[in-house]
>>> print(open('start_21.cif').read())   # mmCIF, C-alpha atoms and all ligand atoms
data_query
#
loop_
_atom_site.group_PDB
_atom_site.id
_atom_site.type_symbol
_atom_site.label_atom_id
_atom_site.label_comp_id
_atom_site.auth_asym_id
_atom_site.auth_seq_id
_atom_site.Cartn_x
_atom_site.Cartn_y
_atom_site.Cartn_z
ATOM 1 C CA MET Z 1322 -27.944 3.113 -13.616
ATOM 2 C CA GLN Z 1323 -25.454 1.543 -16.021
ATOM 3 C CA ILE Z 1324 -25.191 -2.234 -15.806
ATOM 4 C CA PRO Z 1325 -22.133 -3.751 -17.491
ATOM 5 C CA PRO Z 1326 -23.068 -6.131 -20.341
ATOM 6 C CA GLN Z 1327 -21.521 -9.103 -18.557
ATOM 7 C CA LEU Z 1328 -23.615 -8.512 -15.440
ATOM 8 C CA GLN Z 1329 -26.682 -7.908 -17.578
ATOM 9 C CA ALA Z 1330 -26.136 -11.302 -19.232
ATOM 10 C CA GLN Z 1331 -25.755 -12.971 -15.828
ATOM 11 C CA VAL Z 1332 -28.958 -11.304 -14.629
ATOM 12 C CA ASP Z 1333 -30.916 -12.492 -17.674
ATOM 13 C CA GLU Z 1334 -29.509 -15.979 -17.276
ATOM 14 C CA ALA Z 1335 -30.470 -16.096 -13.581
ATOM 15 C CA ILE Z 1336 -34.013 -14.914 -14.337
ATOM 16 C CA SER Z 1337 -34.390 -17.589 -17.026
ATOM 17 C CA HIS Z 1338 -34.203 -20.217 -14.266
ATOM 18 C CA TYR Z 1339 -37.528 -18.984 -12.883
ATOM 19 C CA PRO Z 1340 -39.994 -18.986 -15.776
ATOM 20 C CA VAL Z 1341 -43.049 -19.210 -13.510
ATOM 21 C CA SER Z 1342 -42.180 -16.360 -11.149
ATOM 22 C CA LYS Z 1343 -39.403 -13.839 -11.768
ATOM 23 C CA ARG Z 1344 -39.722 -12.856 -8.122
ATOM 24 C CA SER Z 1345 -37.795 -16.016 -7.199
ATOM 25 C CA ALA Z 1346 -34.729 -14.517 -8.866
ATOM 26 C CA SER Z 1347 -34.514 -11.805 -6.191
ATOM 27 C CA LEU Z 1348 -31.838 -13.522 -4.094
ATOM 28 C CA PRO Z 1349 -29.691 -14.676 -7.035
ATOM 29 C CA LEU Z 1350 -29.761 -11.151 -8.469
ATOM 30 C CA LEU Z 1351 -28.767 -9.604 -5.153
ATOM 31 C CA HIS Z 1352 -25.854 -12.020 -4.913
ATOM 32 C CA LEU Z 1353 -24.771 -11.135 -8.448
ATOM 33 C CA PHE Z 1354 -24.867 -7.418 -7.677
ATOM 34 C CA GLN Z 1355 -22.970 -7.772 -4.427
ATOM 35 C CA GLU Z 1356 -20.363 -9.953 -6.123
ATOM 36 C CA HIS Z 1357 -19.957 -7.362 -8.853
ATOM 37 C CA PHE Z 1358 -20.164 -4.082 -6.929
ATOM 38 C CA GLY Z 1359 -19.218 -5.252 -3.433
ATOM 39 C CA TYR Z 1360 -22.415 -3.952 -1.843
ATOM 40 C CA ILE Z 1361 -26.072 -3.220 -2.495
ATOM 41 C CA SER Z 1362 -27.089 0.420 -2.990
ATOM 42 C CA GLU Z 1363 -30.543 1.981 -3.046
ATOM 43 C CA GLU Z 1364 -30.183 2.439 -6.792
ATOM 44 C CA MET Z 1365 -29.418 -1.252 -7.241
ATOM 45 C CA ILE Z 1366 -32.492 -2.173 -5.216
ATOM 46 C CA GLN Z 1367 -34.605 0.012 -7.493
ATOM 47 C CA TRP Z 1368 -33.048 -1.504 -10.597
ATOM 48 C CA ILE Z 1369 -33.562 -5.109 -9.458
ATOM 49 C CA ALA Z 1370 -37.135 -4.388 -8.401
ATOM 50 C CA ALA Z 1371 -37.949 -2.862 -11.789
ATOM 51 C CA LYS Z 1372 -36.325 -5.769 -13.581
ATOM 52 C CA LEU Z 1373 -38.394 -8.279 -11.596
ATOM 53 C CA GLU Z 1374 -41.538 -6.132 -11.776
ATOM 54 C CA LEU Z 1375 -41.729 -5.853 -8.007
ATOM 55 C CA GLU Z 1376 -42.097 -2.988 -5.583
ATOM 56 C CA ALA Z 1377 -38.698 -1.839 -4.337
ATOM 57 C CA ILE Z 1378 -39.754 -2.536 -0.751
ATOM 58 C CA LYS Z 1379 -39.818 -6.282 -1.528
ATOM 59 C CA ILE Z 1380 -36.133 -6.208 -2.447
ATOM 60 C CA GLU Z 1381 -35.330 -3.853 0.418
ATOM 61 C CA GLN Z 1382 -36.849 -6.337 2.859
ATOM 62 C CA ILE Z 1383 -34.626 -9.139 1.583
ATOM 63 C CA VAL Z 1384 -31.513 -6.988 1.847
ATOM 64 C CA THR Z 1385 -32.443 -6.002 5.377
ATOM 65 C CA PHE Z 1386 -33.277 -9.546 6.445
ATOM 66 C CA TYR Z 1387 -30.105 -11.307 5.302
ATOM 67 C CA PRO Z 1388 -26.955 -10.108 7.067
ATOM 68 C CA MET Z 1389 -24.709 -11.200 4.194
ATOM 69 C CA PHE Z 1390 -25.897 -8.260 2.100
ATOM 70 C CA ARG Z 1391 -23.866 -5.124 2.679
ATOM 71 C CA ARG Z 1392 -25.257 -1.611 2.309
ATOM 72 C CA GLN Z 1393 -21.855 -0.006 2.004
ATOM 73 C CA PRO Z 1394 -18.679 -0.975 0.135
ATOM 74 C CA ALA Z 1395 -16.255 -3.171 2.048
ATOM 75 C CA GLY Z 1396 -12.569 -2.342 2.345
ATOM 76 C CA LYS Z 1397 -10.008 -3.634 -0.157
ATOM 77 C CA ALA Z 1398 -9.330 -6.400 2.348
ATOM 78 C CA HIS Z 1399 -12.506 -7.547 4.040
ATOM 79 C CA ILE Z 1400 -11.986 -9.336 7.355
ATOM 80 C CA ARG Z 1401 -14.596 -11.733 8.676
ATOM 81 C CA ILE Z 1402 -14.158 -12.738 12.285
ATOM 82 C CA CYS Z 1403 -16.117 -15.657 13.709
ATOM 83 C CA ARG Z 1404 -18.141 -14.763 16.771
ATOM 84 C CA THR Z 1405 -19.720 -18.183 17.383
ATOM 85 C CA LEU Z 1406 -19.173 -20.014 20.680
ATOM 86 C CA SER Z 1407 -15.906 -21.915 20.091
ATOM 87 C CA CYS Z 1408 -14.167 -18.877 18.663
ATOM 88 C CA ALA Z 1409 -15.704 -16.610 21.289
ATOM 89 C CA LEU Z 1410 -14.275 -18.855 24.016
ATOM 90 C CA ALA Z 1411 -10.919 -18.828 22.249
ATOM 91 C CA GLY Z 1412 -10.720 -15.017 22.444
ATOM 92 C CA ALA Z 1413 -12.377 -13.694 19.293
ATOM 93 C CA GLU Z 1414 -13.638 -10.542 21.012
ATOM 94 C CA GLY Z 1415 -10.161 -9.431 22.086
ATOM 95 C CA LEU Z 1416 -8.770 -10.362 18.702
ATOM 96 C CA LYS Z 1417 -11.391 -8.189 17.007
ATOM 97 C CA THR Z 1418 -10.303 -5.215 19.099
ATOM 98 C CA THR Z 1419 -6.666 -5.811 18.159
ATOM 99 C CA ILE Z 1420 -7.509 -6.099 14.452
ATOM 100 C CA CYS Z 1421 -9.480 -2.857 14.532
ATOM 101 C CA GLU Z 1422 -6.661 -1.022 16.313
ATOM 102 C CA ILE Z 1423 -3.930 -2.227 13.946
ATOM 103 C CA ALA Z 1424 -5.968 -1.839 10.754
ATOM 104 C CA GLY Z 1425 -7.301 1.571 11.814
ATOM 105 C CA ILE Z 1426 -10.892 0.383 11.656
ATOM 106 C CA PRO Z 1427 -13.407 2.165 13.891
ATOM 107 C CA PRO Z 1428 -15.055 -0.301 16.288
ATOM 108 C CA LEU Z 1429 -18.159 -1.985 14.927
ATOM 109 C CA ARG Z 1430 -21.106 0.100 16.022
ATOM 110 C CA HIS Z 1431 -23.502 -2.742 16.518
ATOM 111 C CA ALA Z 1432 -22.721 -6.367 15.775
ATOM 112 C CA ASN Z 1433 -26.259 -7.136 14.624
ATOM 113 C CA SER Z 1434 -27.063 -3.868 12.938
ATOM 114 C CA ALA Z 1435 -28.705 -4.501 9.594
ATOM 115 C CA GLU Z 1436 -27.823 -0.933 8.654
ATOM 116 C CA SER Z 1437 -24.116 -1.198 9.226
ATOM 117 C CA PRO Z 1438 -22.910 -4.756 9.746
ATOM 118 C CA ILE Z 1439 -19.393 -3.775 8.735
ATOM 119 C CA SER Z 1440 -16.927 -1.110 9.737
ATOM 120 C CA VAL Z 1441 -14.432 0.324 7.253
ATOM 121 C CA SER Z 1442 -11.087 2.044 7.828
ATOM 122 C CA PRO Z 1443 -11.023 5.690 6.648
ATOM 123 C CA ASP Z 1444 -8.451 4.817 3.949
ATOM 124 C CA GLY Z 1445 -10.748 2.098 2.573
ATOM 125 C CA LYS Z 1446 -8.057 -0.559 2.898
ATOM 126 C CA PHE Z 1447 -9.700 -2.707 5.559
ATOM 127 C CA SER Z 1448 -13.150 -3.553 6.780
ATOM 128 C CA ILE Z 1449 -14.363 -5.958 9.411
ATOM 129 C CA GLU Z 1450 -17.525 -7.944 9.939
ATOM 130 C CA GLU Z 1451 -18.556 -10.384 12.642
ATOM 131 C CA VAL Z 1452 -19.927 -13.587 11.178
ATOM 132 C CA GLU Z 1453 -21.236 -16.889 12.397
ATOM 133 C CA CYS Z 1454 -19.222 -20.112 12.262
ATOM 134 C CA LEU Z 1455 -16.535 -20.311 9.578
ATOM 135 C CA ALA Z 1456 -16.517 -24.114 9.815
ATOM 136 C CA SER Z 1457 -13.225 -24.471 11.619
ATOM 137 C CA CYS Z 1458 -14.485 -24.620 15.202
ATOM 138 C CA GLY Z 1459 -11.618 -26.717 16.594
ATOM 139 C CA SER Z 1460 -9.017 -24.131 15.652
ATOM 140 C CA GLY Z 1461 -10.365 -20.825 16.852
ATOM 141 C CA PRO Z 1462 -10.200 -17.980 16.865
ATOM 142 C CA VAL Z 1463 -10.740 -17.998 13.129
ATOM 143 C CA ILE Z 1464 -10.729 -15.113 10.690
ATOM 144 C CA MET Z 1465 -11.023 -14.813 6.932
ATOM 145 C CA VAL Z 1466 -9.364 -12.029 5.005
ATOM 146 C CA ASN Z 1467 -11.033 -11.926 1.611
ATOM 147 C CA ASP Z 1468 -10.889 -15.636 0.669
ATOM 148 C CA ASP Z 1469 -7.976 -16.594 2.943
ATOM 149 C CA LEU Z 1470 -8.721 -18.522 6.140
ATOM 150 C CA TYR Z 1471 -6.537 -18.054 9.234
ATOM 151 C CA GLU Z 1472 -6.856 -20.365 12.231
ATOM 152 C CA ARG Z 1473 -5.682 -20.184 15.848
ATOM 153 C CA VAL Z 1474 -4.953 -16.538 15.237
ATOM 154 C CA THR Z 1475 -3.104 -14.673 17.962
ATOM 155 C CA ALA Z 1476 -2.922 -10.938 18.504
ATOM 156 C CA GLU Z 1477 0.829 -11.103 17.805
ATOM 157 C CA GLU Z 1478 0.174 -12.472 14.300
ATOM 158 C CA ILE Z 1479 -2.199 -9.707 13.248
ATOM 159 C CA PRO Z 1480 0.430 -7.194 11.992
ATOM 160 C CA THR Z 1481 1.985 -9.882 9.768
ATOM 161 C CA ILE Z 1482 -1.363 -11.072 8.456
ATOM 162 C CA LEU Z 1483 -2.587 -7.544 7.691
ATOM 163 C CA SER Z 1484 0.688 -6.540 6.048
ATOM 164 C CA LYS Z 1485 -0.090 -9.000 3.230
ATOM 165 C CA TYR Z 1486 -3.095 -6.870 2.268
ATOM 166 C CA ARG Z 1487 -1.764 -3.337 2.664
HETATM 167 S S1 LIG M 1501 -17.127 -21.425 15.991
HETATM 168 FE FE1 LIG M 1501 -15.670 -20.252 14.924
HETATM 169 S S2 LIG M 1501 -15.311 -21.447 13.177
HETATM 170 FE FE2 LIG M 1501 -16.928 -22.482 14.143
#
>>> encode(input="start_21.cif", output="C-alpha cells", more="lines below")
Ligand code: FES
Amino acid sequence: MQIPPQLQAQVDEAISHYPVSKRSASLPLLHLFQEHFGYISEEMIQWIAAKLELEAIKIEQIVTFYPMFRRQPAGKAHIRICRTLSCALAGAEGLKTTICEIAGIPPLRHANSAESPISVSPDGKFSIEEVECLASCGSGPVIMVNDDLYERVTAEEIPTILSKYR
C-alpha cells in the first residue's frame, strides 16, 4: 500500500516517541491513519502491524475495541449524535430518525456494533454515528457535523443544518 510521504514522516515521528517499545505507537498510528484516510482498512492494519513488528491481530483487536475507529469511510459530512442520558431525555432518538430520513441515511443497524458503528447515505454525502457525551449536556439534544457543534437541535432545524453540507 502506498503511504504518502507526509503521513510516512508523521508515522516515523510518532514511533520515535516510543524508543523502548514500538508497540506503544499502535494507537497514535491508528489515529494518524484515520485522520488521513477517514477510516481503517484491513490493508492499513497489515501495514501498521508490519511497521511495528507485530501480528496483525494485535492491531485488529485495538481497532475492534475502540469505537472511535471506523472500518468504513464516513460521508462527506459526518454527523455525531449524542446518545448519553441528558440528550436522550431531550429527544435524541427521535432526532436521529429525522436526520436519517432527511439525509437519506439508512438507519443505524446496531448502535454498539464494532463492525458498523456508522451508517452512510448511498450518495456518500452524509453519515451518522451515535456517540457518548459531547460535553454540552445542559443544551441537548446535541449533534456535531464534522467539527461544528449544534445545541438544542430541533427536528425543524435539521433541513437547514444539513443544507450547509450538501
Ligand atoms: S449528554 Fe449529550 S452532550 Fe452530554
>>> residues_near_point(input="start_21.cif", point="(-33.3, -7.8, 4.8)", cutoff="12 Å", atoms="all atoms listed in the file", output="list in words")
Ser1347, Leu1348, Leu1351, Ile1361, Ile1366, Ile1378, Lys1379, Ile1380, Glu1381, Gln1382, Ile1383, Val1384, Thr1385, Phe1386, Tyr1387, Pro1388, Met1389, Phe1390, Arg1391, Arg1392, Ser1434, Ala1435, Glu1436 and Pro1438 of chain Z
>>> resolve_selection(input="start_21.cif", expression="the PyMOL selection byres (((not hetatm)) within 8 of (chain M and resi 1501))", output="VMD selection string")
chain Z and resid 1403 to 1409 1453 to 1463
>>> residues_near_point(input="start_21.cif", point="(-3.7, -12.3, 9.3)", cutoff="12 Å", atoms="only C-alpha atoms", output="MDAnalysis selection string")
chainID Z and resid 1398:1402 1416:1417 1419:1420 1423:1424 1447 1462:1487
>>> write_last_selection(input="start_21.cif", atoms="C-alpha atoms", output="PDB file, in the frame of the given file")
ATOM      1  CA  ALA Z1398      -9.330  -6.400   2.348  1.00  0.00           C
ATOM      2  CA  HIS Z1399     -12.506  -7.547   4.040  1.00  0.00           C
ATOM      3  CA  ILE Z1400     -11.986  -9.336   7.355  1.00  0.00           C
ATOM      4  CA  ARG Z1401     -14.596 -11.733   8.676  1.00  0.00           C
ATOM      5  CA  ILE Z1402     -14.158 -12.738  12.285  1.00  0.00           C
ATOM      6  CA  LEU Z1416      -8.770 -10.362  18.702  1.00  0.00           C
ATOM      7  CA  LYS Z1417     -11.391  -8.189  17.007  1.00  0.00           C
ATOM      8  CA  THR Z1419      -6.666  -5.811  18.159  1.00  0.00           C
ATOM      9  CA  ILE Z1420      -7.509  -6.099  14.452  1.00  0.00           C
ATOM     10  CA  ILE Z1423      -3.930  -2.227  13.946  1.00  0.00           C
ATOM     11  CA  ALA Z1424      -5.968  -1.839  10.754  1.00  0.00           C
ATOM     12  CA  PHE Z1447      -9.700  -2.707   5.559  1.00  0.00           C
ATOM     13  CA  PRO Z1462     -10.200 -17.980  16.865  1.00  0.00           C
ATOM     14  CA  VAL Z1463     -10.740 -17.998  13.129  1.00  0.00           C
ATOM     15  CA  ILE Z1464     -10.729 -15.113  10.690  1.00  0.00           C
ATOM     16  CA  MET Z1465     -11.023 -14.813   6.932  1.00  0.00           C
ATOM     17  CA  VAL Z1466      -9.364 -12.029   5.005  1.00  0.00           C
ATOM     18  CA  ASN Z1467     -11.033 -11.926   1.611  1.00  0.00           C
ATOM     19  CA  ASP Z1468     -10.889 -15.636   0.669  1.00  0.00           C
ATOM     20  CA  ASP Z1469      -7.976 -16.594   2.943  1.00  0.00           C
ATOM     21  CA  LEU Z1470      -8.721 -18.522   6.140  1.00  0.00           C
ATOM     22  CA  TYR Z1471      -6.537 -18.054   9.234  1.00  0.00           C
ATOM     23  CA  GLU Z1472      -6.856 -20.365  12.231  1.00  0.00           C
ATOM     24  CA  ARG Z1473      -5.682 -20.184  15.848  1.00  0.00           C
ATOM     25  CA  VAL Z1474      -4.953 -16.538  15.237  1.00  0.00           C
ATOM     26  CA  THR Z1475      -3.104 -14.673  17.962  1.00  0.00           C
ATOM     27  CA  ALA Z1476      -2.922 -10.938  18.504  1.00  0.00           C
ATOM     28  CA  GLU Z1477       0.829 -11.103  17.805  1.00  0.00           C
ATOM     29  CA  GLU Z1478       0.174 -12.472  14.300  1.00  0.00           C
ATOM     30  CA  ILE Z1479      -2.199  -9.707  13.248  1.00  0.00           C
ATOM     31  CA  PRO Z1480       0.430  -7.194  11.992  1.00  0.00           C
ATOM     32  CA  THR Z1481       1.985  -9.882   9.768  1.00  0.00           C
ATOM     33  CA  ILE Z1482      -1.363 -11.072   8.456  1.00  0.00           C
ATOM     34  CA  LEU Z1483      -2.587  -7.544   7.691  1.00  0.00           C
ATOM     35  CA  SER Z1484       0.688  -6.540   6.048  1.00  0.00           C
ATOM     36  CA  LYS Z1485      -0.090  -9.000   3.230  1.00  0.00           C
ATOM     37  CA  TYR Z1486      -3.095  -6.870   2.268  1.00  0.00           C
ATOM     38  CA  ARG Z1487      -1.764  -3.337   2.664  1.00  0.00           C
TER      39      ARG Z1487
END
>>> closest_residue(input="start_21.cif", among="Z:Ala1335, Z:Leu1410, Z:Ile1324, Z:Ile1449", to="Glu1364 in chain Z", atoms="all atoms listed in the file")
Z:Ile1324
>>> resolve_selection(input="start_21.cif", expression="the PyMOL selection byres (((chain Z and resi 1328) around 12) and not hetatm)", output="ChimeraX atom specification")
/Z:1323-1327,1329-1335,1350-1358
>>> closest_residue(input="start_21.cif", among="Z:Asp1444, Z:Glu1450, Z:Glu1363, Z:Glu1376", to="Gly1425 in chain Z", atoms="all atoms listed in the file")
Z:Asp1444
>>> atom_distance(input="start_21.cif", atom1="CA of Gly1445 in chain Z", atom2="CA of Lys1397 in chain Z")
6.4 Å
>>> closest_residue(input="start_21.cif", among="Z:Tyr1360, Z:Leu1373, Z:Glu1451, Z:Trp1368", to="Ser1337 in chain Z", atoms="only C-alpha atoms")
Z:Leu1373
>>> atom_distance(input="start_21.cif", atom1="CA of Ala1395 in chain Z", atom2="CA of Val1441 in chain Z")
6.5 Å
>>> atom_distance(input="start_21.cif", atom1="CA of Gln1393 in chain Z", atom2="CA of Glu1414 in chain Z")
23.2 Å
